[in-house]
Amino acid sequence: MKLWGGRFKQEESKLMEDFNSSLSFDKRLYREDVKGSIAHVSMLVKSGILKKEEGKVISDGLAGLLEDIEAGRLEIGGDYEDIHSFMESNLIKRIGDLGKKLHTARSRNDQVAVDMRMFAKDNAKMLEGELQELLDTIKKLADANNVIMPGYTHLQRAQVVTFKHHMMAYYSMFSRDKKRIANAIEILDESPLGCCALAGTTYDIDRKHTAKELGFKKPVENFMDGVSDRDYLLELCSCFSIIMMHMSRLSEELILWSSQEFKFINMSDEFSTGSSIMPQKKNPDAAELIRGKTGRVYGSLISLLTTIKGLPLAYNKDMQEDKEQFFDSLDTVTACIRVMSGMLSTLKVNSENMKKAVKYGFLNATEVADYLVNKGVAFRDAHGIVGEIVIYCEDKGCAIEELSLDEFKRFNPVFENDIFEFIDYDNILKKGIKKYL
Ligand code: ARG
């Protein structure tokens, strides 16, 4: 079953065999592996390295393996070193000695590199789709809730905004994330197949042919880089980390907003859970888990960076460690985006509570100062005057707009009746945020 038994006198220890094997996780690359091999065979035929009939039997054999795996007739498992060994051994079992010609002018180093690139590219495209769905969900929720809410800095009520504007901030973040993924796809779009172990091959192979067959823009420039480059995984893991960071911030807000202290939103039962002891509890577990899983996705990025950092050129077995990190990071971010979309499409916004929070948070204090500035008071002086007005209102237990004109005038004689219109929240929004929507 070994691809490399020839130069060995002793059997590999069972301990080493298990330790070395990546089949349990790289079996996920079975489709890419077959696709890459079929492209390789077609190139070998085109370059006159394999006979046409030979190529046909090998390709058909590979296609048969794929069909059997997909149909559940062939289970991926056993004492194989990795998915590549599994495929080659099973091909030989199926078509006989001719199967042994498949690996001509190829190494597992360029084989695994091309498999991973294809896998990364397809899944990055899938993720672009998931992100688009999240963007659509956010836009829908925002449009349906163009209502006033307090905007915060330092988590203290600051100025009036709309729930729509708040949500569209996340729309901007996830739009950038989508662009980052598209950019990563563009950079990774080169085929390492044909780099062989590290130095290419003396065979006159056609790397452009395999690159084209496999949907890559072109072959990689440099053989040694081609087999040992994992930048594309790092770039994607870093995109995933930034997406998670954005989702974690949003989760944190959803958790706060659904608390009794804020009561700005009601999370749907579908995305909440209860407590085993406290009957009244409804917990925002979905948002908390997204926030929690962010650490795990960052972990994969750091782990991968650390794995690669000390490696001399070219391939080293350390690189096998890229898979579990990348797969886990990909699966986690995919699941989190889907749950986030689900949570956002089912939550309800309490616009009345948001309005109340705006009213008693002095969120028009800045506009009172702007008013004074319009009447000729210097901004720094206006700032001080409004500070005193806020203390006065706090003592009295009222909102600024609830003061009478006489009370306003006690702070500065330039106040006139138009102050009320000027600091009305809807008017503020019309002049500020809404103007730019
Ligand atoms: N399972 C290996 C990996 O994922 C495949 C490449 C093995 N290459 C080698 N020279 N041992 O990296």
# chains A, B, ... in the order shown; residues from 1 in each chain; ligands from 1
$ residues_around --residues "Phe19 of chain A" --least-positions-apart "6" --cutoff "12 Å" --atoms "only C-alpha atoms" --output "MDAnalysis selection string"
chainID A and resid 12:13 79:82 317 320:321
$ residues_near_ligand --ligand "ligand 1" --cutoff "12 Å" --atoms "only C-alpha atoms and all ligand atoms" --output "NGL selection string"
:A and (2-4 or 19-29 or 33 or 80-86 or 106-116 or 196-198 or 227-230 or 314-324)
$ write_last_selection --atoms "N, CA and C atoms" --output "compact mmCIF listing (two decimals), in the first residue's frame"
# COMPACT_ATOMS: atom_id res chain seq x y z
N LYS A 2 2.14 1.13 0.38
CA LYS A 2 3.00 2.32 0.46
C LYS A 2 3.42 2.79 -0.92
N LEU A 3 3.56 4.10 -1.05
CA LEU A 3 4.00 4.65 -2.34
C LEU A 3 5.51 4.69 -2.43
N TRP A 4 6.18 4.36 -1.29
CA TRP A 4 7.62 4.61 -1.26
C TRP A 4 8.42 3.50 -0.58
N PHE A 19 0.65 8.13 13.24
CA PHE A 19 1.05 9.52 13.48
C PHE A 19 1.17 10.30 12.17
N ASN A 20 1.62 9.61 11.17
CA ASN A 20 1.93 10.23 9.87
C ASN A 20 0.68 10.41 9.00
N SER A 21 -0.33 9.59 9.28
CA SER A 21 -1.47 9.55 8.36
C SER A 21 -2.37 10.79 8.46
N SER A 22 -2.74 11.29 7.29
CA SER A 22 -3.64 12.45 7.25
C SER A 22 -4.98 12.08 6.63
N LEU A 23 -5.15 10.79 6.33
CA LEU A 23 -6.35 10.37 5.59
C LEU A 23 -7.64 10.75 6.28
N SER A 24 -7.65 10.66 7.63
CA SER A 24 -8.90 10.92 8.36
C SER A 24 -9.42 12.33 8.08
N PHE A 25 -8.53 13.26 7.75
CA PHE A 25 -9.04 14.61 7.45
C PHE A 25 -8.84 15.03 6.00
N ASP A 26 -7.76 14.54 5.33
CA ASP A 26 -7.61 15.01 3.94
C ASP A 26 -8.48 14.23 2.96
N LYS A 27 -9.27 13.26 3.49
CA LYS A 27 -10.21 12.58 2.61
C LYS A 27 -11.23 13.56 2.03
N ARG A 28 -11.31 14.69 2.68
CA ARG A 28 -12.21 15.74 2.21
C ARG A 28 -11.78 16.26 0.82
N LEU A 29 -10.55 15.97 0.43
CA LEU A 29 -10.04 16.47 -0.85
C LEU A 29 -10.23 15.46 -1.98
N ASP A 33 -8.73 15.70 -5.72
CA ASP A 33 -7.62 14.81 -6.04
C ASP A 33 -7.88 14.09 -7.37
N TYR A 80 -3.97 3.94 4.85
CA TYR A 80 -3.27 4.70 3.83
C TYR A 80 -2.67 5.96 4.45
N GLU A 81 -1.60 6.43 3.83
CA GLU A 81 -0.92 7.59 4.40
C GLU A 81 -1.76 8.85 4.23
N ASP A 82 -2.38 8.95 3.06
CA ASP A 82 -3.20 10.14 2.82
C ASP A 82 -4.16 9.86 1.66
N ILE A 83 -4.94 10.84 1.29
CA ILE A 83 -5.94 10.66 0.24
C ILE A 83 -5.27 10.33 -1.10
N HIS A 84 -4.06 10.84 -1.29
CA HIS A 84 -3.36 10.60 -2.56
C HIS A 84 -2.94 9.13 -2.68
N SER A 85 -2.45 8.59 -1.56
CA SER A 85 -2.06 7.17 -1.55
C SER A 85 -3.30 6.30 -1.69
N PHE A 86 -4.36 6.70 -1.03
CA PHE A 86 -5.61 5.94 -1.12
C PHE A 86 -6.07 5.84 -2.57
N ARG A 106 5.08 13.76 -11.59
CA ARG A 106 4.30 14.42 -10.54
C ARG A 106 4.82 13.98 -9.19
N SER A 107 4.64 14.81 -8.19
CA SER A 107 5.01 14.46 -6.82
C SER A 107 3.77 14.68 -5.96
N ARG A 108 3.74 14.09 -4.79
CA ARG A 108 2.60 14.41 -3.93
C ARG A 108 2.66 15.87 -3.48
N ASN A 109 3.85 16.44 -3.58
CA ASN A 109 3.98 17.84 -3.14
C ASN A 109 3.20 18.80 -4.03
N ASP A 110 3.30 18.61 -5.36
CA ASP A 110 2.49 19.49 -6.22
C ASP A 110 1.05 19.00 -6.28
N GLN A 111 0.88 17.69 -6.04
CA GLN A 111 -0.47 17.14 -6.04
C GLN A 111 -1.31 17.72 -4.89
N VAL A 112 -0.74 17.68 -3.70
CA VAL A 112 -1.50 18.20 -2.55
C VAL A 112 -1.67 19.72 -2.66
N ALA A 113 -0.65 20.37 -3.23
CA ALA A 113 -0.73 21.83 -3.37
C ALA A 113 -1.86 22.22 -4.32
N VAL A 114 -1.99 21.48 -5.42
CA VAL A 114 -3.05 21.84 -6.37
C VAL A 114 -4.42 21.47 -5.81
N ASP A 115 -4.49 20.34 -5.10
CA ASP A 115 -5.77 19.93 -4.48
C ASP A 115 -6.25 21.02 -3.50
N MET A 116 -5.34 21.45 -2.65
CA MET A 116 -5.71 22.46 -1.64
C MET A 116 -6.12 23.78 -2.28
N CYS A 196 6.20 19.54 -9.46
CA CYS A 196 6.69 18.24 -8.98
C CYS A 196 7.21 18.37 -7.54
N ALA A 197 8.28 17.69 -7.20
CA ALA A 197 8.68 17.69 -5.78
C ALA A 197 9.14 19.07 -5.34
N LEU A 198 9.94 19.72 -6.18
CA LEU A 198 10.42 21.08 -5.91
C LEU A 198 11.16 21.67 -7.10
N VAL A 227 5.29 24.66 -4.53
CA VAL A 227 4.99 23.52 -3.64
C VAL A 227 4.99 23.89 -2.16
N SER A 228 5.56 25.04 -1.83
CA SER A 228 5.64 25.35 -0.39
C SER A 228 4.88 26.61 0.00
N ASP A 229 4.16 27.19 -0.94
CA ASP A 229 3.38 28.39 -0.63
C ASP A 229 2.06 28.00 0.03
N ARG A 230 1.82 28.56 1.20
CA ARG A 230 0.51 28.39 1.84
C ARG A 230 -0.09 29.76 2.16
N ALA A 314 11.91 23.43 0.42
CA ALA A 314 10.59 23.75 -0.11
C ALA A 314 9.55 23.03 0.75
N TYR A 315 9.03 21.85 0.30
CA TYR A 315 8.02 21.15 1.09
C TYR A 315 8.62 20.56 2.36
N ASN A 316 7.88 20.65 3.44
CA ASN A 316 8.20 19.94 4.69
C ASN A 316 6.90 19.35 5.21
N LYS A 317 7.02 18.24 5.92
CA LYS A 317 5.81 17.54 6.34
C LYS A 317 4.95 18.38 7.28
N ASP A 318 5.59 19.35 7.93
CA ASP A 318 4.83 20.26 8.79
C ASP A 318 3.59 20.79 8.07
N MET A 319 3.74 20.92 6.76
CA MET A 319 2.67 21.55 5.98
C MET A 319 1.38 20.76 5.96
N GLN A 320 1.47 19.49 6.28
CA GLN A 320 0.27 18.67 6.37
C GLN A 320 -0.68 19.23 7.44
N GLU A 321 -0.11 19.95 8.39
CA GLU A 321 -0.90 20.54 9.48
C GLU A 321 -1.81 21.68 9.01
N ASP A 322 -1.64 22.11 7.76
CA ASP A 322 -2.47 23.22 7.26
C ASP A 322 -3.95 22.82 7.17
N LYS A 323 -4.19 21.53 6.94
CA LYS A 323 -5.55 21.12 6.57
C LYS A 323 -6.57 21.26 7.68
N GLU A 324 -6.28 20.65 8.83
CA GLU A 324 -7.27 20.71 9.90
C GLU A 324 -7.58 22.15 10.31
$ closest_residue --among "A:Ala357, A:Leu127, A:Val414, A:Leu405" --to "Val161 of chain A" --atoms "only C-alpha atoms"
A:Ala357
$ residues_around --residues "Val390 of chain A" --least-positions-apart "5" --cutoff "12 Å" --atoms "only C-alpha atoms" --output "PyMOL selection string"
chain A and resi 360-366+368-369+383-385+395-403+408+411
$ residues_around --residues "Val220 of chain A" --least-positions-apart "3" --cutoff "8 Å" --atoms "only C-alpha atoms" --output "PyMOL selection string"
chain A and resi 190-192+223+226
$ residues_around --residues "Val41 of chain A" --least-positions-apart "3" --cutoff "6 Å" --atoms "only C-alpha atoms" --output "ChimeraX atom specification"
/A:38,44,55
$ write_last_selection --atoms "N, CA and C atoms" --output "short mmCIF file (atom, residue, chain, number, x, y, z; two decimals), in the first residue's frame"
data_model
loop_
_atom_site.label_atom_id
_atom_site.label_comp_id
_atom_site.auth_asym_id
_atom_site.auth_seq_id
_atom_site.Cartn_x
_atom_site.Cartn_y
_atom_site.Cartn_z
N ILE A 38 -6.96 13.58 -13.21
CA ILE A 38 -7.48 13.45 -14.59
C ILE A 38 -6.85 14.53 -15.49
N LEU A 44 -0.38 14.39 -19.76
CA LEU A 44 0.64 13.38 -20.10
C LEU A 44 0.40 12.81 -21.49
N GLY A 55 -4.09 6.62 -21.30
CA GLY A 55 -4.69 7.77 -20.63
C GLY A 55 -6.17 7.54 -20.40
#
$ closest_residue --among "A:Lys56, A:Arg249, A:Gln132, A:Leu141" --to "Leu98 of chain A" --atoms "only C-alpha atoms"
A:Lys56
$ atom_distance --atom1 "atom CA of Lys355 of chain A" --atom2 "atom CA of Ile255 of chain A"
19.1 Å
$ select_by_dssp --residues "segment 67-289 of chain A" --states "strand (DSSP E)" --output "list of chain:residue names"
A:Ile148, A:Met149, A:Pro150, A:Gly151, A:Tyr152, A:Thr153, A:Gln156, A:Arg157, A:Ala158, A:Gln159, A:Val160, A:Val161, A:Thr162, A:Glu190, A:Ser191, A:Lys218, A:Pro219, A:Ile265, A:Asn266
$ residues_around --residues "Glu54 of chain A" --least-positions-apart "4" --cutoff "12 Å" --atoms "only C-alpha atoms" --output "JSON, numbers by chain"
{"A": [41, 42, 44, 45, 46, 48, 49, 50, 58, 59, 60, 61, 95, 96, 97, 98, 99, 100, 101, 102]}
$ write_last_selection --atoms "N, CA and C atoms" --output "PDB file, in the first residue's frame"
ATOM      1  N   VAL A  41      -3.317  13.436 -16.255  1.00  0.00           N
ATOM      2  CA  VAL A  41      -3.275  12.365 -17.262  1.00  0.00           C
ATOM      3  C   VAL A  41      -3.511  12.939 -18.659  1.00  0.00           C
ATOM      4  N   SER A  42      -4.463  13.836 -18.767  1.00  0.00           N
ATOM      5  CA  SER A  42      -4.748  14.397 -20.095  1.00  0.00           C
ATOM      6  C   SER A  42      -3.526  15.157 -20.616  1.00  0.00           C
ATOM      7  N   LEU A  44      -0.375  14.385 -19.763  1.00  0.00           N
ATOM      8  CA  LEU A  44       0.644  13.380 -20.099  1.00  0.00           C
ATOM      9  C   LEU A  44       0.402  12.808 -21.493  1.00  0.00           C
ATOM     10  N   VAL A  45      -0.871  12.649 -21.826  1.00  0.00           N
ATOM     11  CA  VAL A  45      -1.219  12.139 -23.165  1.00  0.00           C
ATOM     12  C   VAL A  45      -0.863  13.190 -24.218  1.00  0.00           C
ATOM     13  N   LYS A  46      -1.270  14.423 -23.946  1.00  0.00           N
ATOM     14  CA  LYS A  46      -1.030  15.506 -24.898  1.00  0.00           C
ATOM     15  C   LYS A  46       0.473  15.697 -25.145  1.00  0.00           C
ATOM     16  N   GLY A  48       2.655  13.371 -25.059  1.00  0.00           N
ATOM     17  CA  GLY A  48       3.265  12.154 -25.604  1.00  0.00           C
ATOM     18  C   GLY A  48       3.950  11.292 -24.555  1.00  0.00           C
ATOM     19  N   ILE A  49       3.680  11.535 -23.292  1.00  0.00           N
ATOM     20  CA  ILE A  49       4.319  10.754 -22.224  1.00  0.00           C
ATOM     21  C   ILE A  49       3.514   9.478 -21.951  1.00  0.00           C
ATOM     22  N   LEU A  50       2.230   9.557 -22.116  1.00  0.00           N
ATOM     23  CA  LEU A  50       1.358   8.370 -22.034  1.00  0.00           C
ATOM     24  C   LEU A  50       0.663   8.190 -23.379  1.00  0.00           C
ATOM     25  N   ILE A  58      -6.786   5.031 -17.560  1.00  0.00           N
ATOM     26  CA  ILE A  58      -6.494   5.621 -16.240  1.00  0.00           C
ATOM     27  C   ILE A  58      -7.573   6.643 -15.852  1.00  0.00           C
ATOM     28  N   SER A  59      -7.936   7.500 -16.793  1.00  0.00           N
ATOM     29  CA  SER A  59      -8.960   8.512 -16.489  1.00  0.00           C
ATOM     30  C   SER A  59     -10.291   7.867 -16.149  1.00  0.00           C
ATOM     31  N   ASP A  60     -10.664   6.853 -16.922  1.00  0.00           N
ATOM     32  CA  ASP A  60     -11.928   6.165 -16.641  1.00  0.00           C
ATOM     33  C   ASP A  60     -11.878   5.511 -15.260  1.00  0.00           C
ATOM     34  N   GLY A  61     -10.724   4.950 -14.944  1.00  0.00           N
ATOM     35  CA  GLY A  61     -10.556   4.314 -13.627  1.00  0.00           C
ATOM     36  C   GLY A  61     -10.743   5.336 -12.513  1.00  0.00           C
ATOM     37  N   ILE A  95      -7.514  -1.018 -12.016  1.00  0.00           N
ATOM     38  CA  ILE A  95      -7.141  -1.165 -13.436  1.00  0.00           C
ATOM     39  C   ILE A  95      -5.816  -1.924 -13.634  1.00  0.00           C
ATOM     40  N   GLY A  96      -5.222  -2.318 -12.511  1.00  0.00           N
ATOM     41  CA  GLY A  96      -3.978  -3.089 -12.636  1.00  0.00           C
ATOM     42  C   GLY A  96      -2.750  -2.197 -12.791  1.00  0.00           C
ATOM     43  N   ASP A  97      -1.662  -2.806 -13.323  1.00  0.00           N
ATOM     44  CA  ASP A  97      -0.352  -2.153 -13.360  1.00  0.00           C
ATOM     45  C   ASP A  97      -0.331  -0.815 -14.098  1.00  0.00           C
ATOM     46  N   LEU A  98      -1.224  -0.644 -15.037  1.00  0.00           N
ATOM     47  CA  LEU A  98      -1.261   0.624 -15.773  1.00  0.00           C
ATOM     48  C   LEU A  98      -1.460   1.809 -14.823  1.00  0.00           C
ATOM     49  N   GLY A  99      -2.172   1.551 -13.731  1.00  0.00           N
ATOM     50  CA  GLY A  99      -2.411   2.594 -12.725  1.00  0.00           C
ATOM     51  C   GLY A  99      -1.110   3.154 -12.155  1.00  0.00           C
ATOM     52  N   LYS A 100      -0.047   2.342 -12.230  1.00  0.00           N
ATOM     53  CA  LYS A 100       1.248   2.769 -11.684  1.00  0.00           C
ATOM     54  C   LYS A 100       1.890   3.877 -12.514  1.00  0.00           C
ATOM     55  N   LYS A 101       1.346   4.109 -13.724  1.00  0.00           N
ATOM     56  CA  LYS A 101       1.913   5.168 -14.575  1.00  0.00           C
ATOM     57  C   LYS A 101       1.364   6.557 -14.239  1.00  0.00           C
ATOM     58  N   LEU A 102       0.285   6.579 -13.437  1.00  0.00           N
ATOM     59  CA  LEU A 102      -0.369   7.871 -13.138  1.00  0.00           C
ATOM     60  C   LEU A 102       0.597   8.909 -12.568  1.00  0.00           C
TER      61      LEU A 102
END
$ residues_around --residues "segment 278-284 of chain A" --least-positions-apart "3" --cutoff "12 Å" --atoms "only C-alpha atoms" --output "PyMOL selection string"
chain A and resi 251-260+265-275+287-291+339-340+343+347
